[in-house]
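Presented below is the structure to which this report refers.
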Amino acid sequence: MSTILVPTTAADPETRLRVRLRQNAAFSALGGVIASVACVPLSDAMGVGGQWWVLLAAGLGLLGFAALVWLAASRPTAKLIGESLEISIADASWVTGSVVVVALGVFSAFGVIVMLAQATVVAFFGATQARYRREAMR
């Protein structure tokens, strides 16, 4: 069975952390592909049509981030613990940045929904990774 599908409630904290990181990586990769491939129509729908290149850059960045997160999930325990903290900090930064950009009022209603929805998922990943990290350190 793929480790991405292992129920996190039935595993030890280290395994739950690894699974959550892989889920984070998969979500980031999916978002990266969508943002990169559909940057022009997405930027139009989000109300920032002339700024398609920002979505392209974000999408490519997400693909790199996804690769690093996936790699971190396979590290030995000591590195896993340290790198998962860095990933959770990056997740918190992404959420903060998303909220700030939404507050600037540049997006359409669709853009606001997209930004806040993805920020909510990223916040969930960051928070649960931090919890599993603390548990794995005990």
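Quick note on naming: the chains in the structure tokens go A, B, ... in the order shown, residues restart at 1 in each chain, and ligands are numbered from 1 in order of appearance.
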Skipping near chain neighbours, those fewer than 6 positions away, what residues fall within 10 Å of Ile113 in chain A using only C-alpha atoms, listed as a ChimeraX atom specification?
/A:46,102,107,119
Next, dump the selected residues to file, keeping only C-alpha atoms, as a compact mmCIF listing (two decimals), in the first residue's frame.
# COMPACT_ATOMS: atom_id res chain seq x y z
CA MET A 46 -8.98 35.57 -10.48
CA VAL A 102 -6.38 38.88 -0.43
CA PHE A 107 -8.78 39.60 -6.69
CA ALA A 119 -4.50 28.82 2.34
With a distance cut-off of 10 Å and only C-alpha atoms, select the neighbouring residues of Ala136 in chain A, excluding the residue or stretch itself and same-chain residues fewer than 6 positions from it, and output the selection as an MDAnalysis selection string.
chainID A and resid 12:17 77 80:81 130
Chain A: residues DSSP assigns to alpha helix (DSSP H), reported as JSON, numbers by chain:
{"A": [13, 14, 15, 16, 17, 18, 19, 20, 21, 22, 23, 24, 25, 26, 27, 28, 29, 30, 31, 32, 33, 34, 35, 36, 37, 39, 40, 41, 42, 43, 44, 45, 52, 53, 54, 55, 56, 57, 58, 59, 60, 61, 62, 63, 64, 65, 66, 67, 68, 69, 70, 71, 72, 73, 77, 78, 79, 80, 81, 82, 83, 84, 85, 86, 87, 88, 89, 90, 91, 92, 93, 94, 95, 96, 97, 98, 99, 100, 101, 102, 103, 109, 110, 111, 112, 113, 114, 115, 116, 117, 118, 119, 120, 121, 122, 123, 124, 125, 126, 127, 128, 129, 130, 131, 132, 133, 134, 135, 136, 137]}
Nearest to Ile89 in chain A: which of A:Ala66, A:Leu104, A:Val114, A:Ala127 is it, counting only C-alpha atoms?
A:Ala127
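Comparing the minimum interatomic distances between Ala117 in chain A and each of A:Val95, A:Leu63, A:Gly82, A:Leu42, counting only C-alpha atoms, we find that A:Val95 sits nearest.
Excluding Ser28 in chain A and any residue on its chain fewer than 3 positions from it, the residues at most 8 Å away by only C-alpha atoms are Asn24, Ala25, Gly31, Gly32, Leu62, Leu63, Phe65 and Ala66 of chain A.
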Which is closer to Ser98 in chain A than all the others in A:Leu85, A:Gln51, A:Val33, A:Thr120, using only C-alpha atoms?
A:Thr120
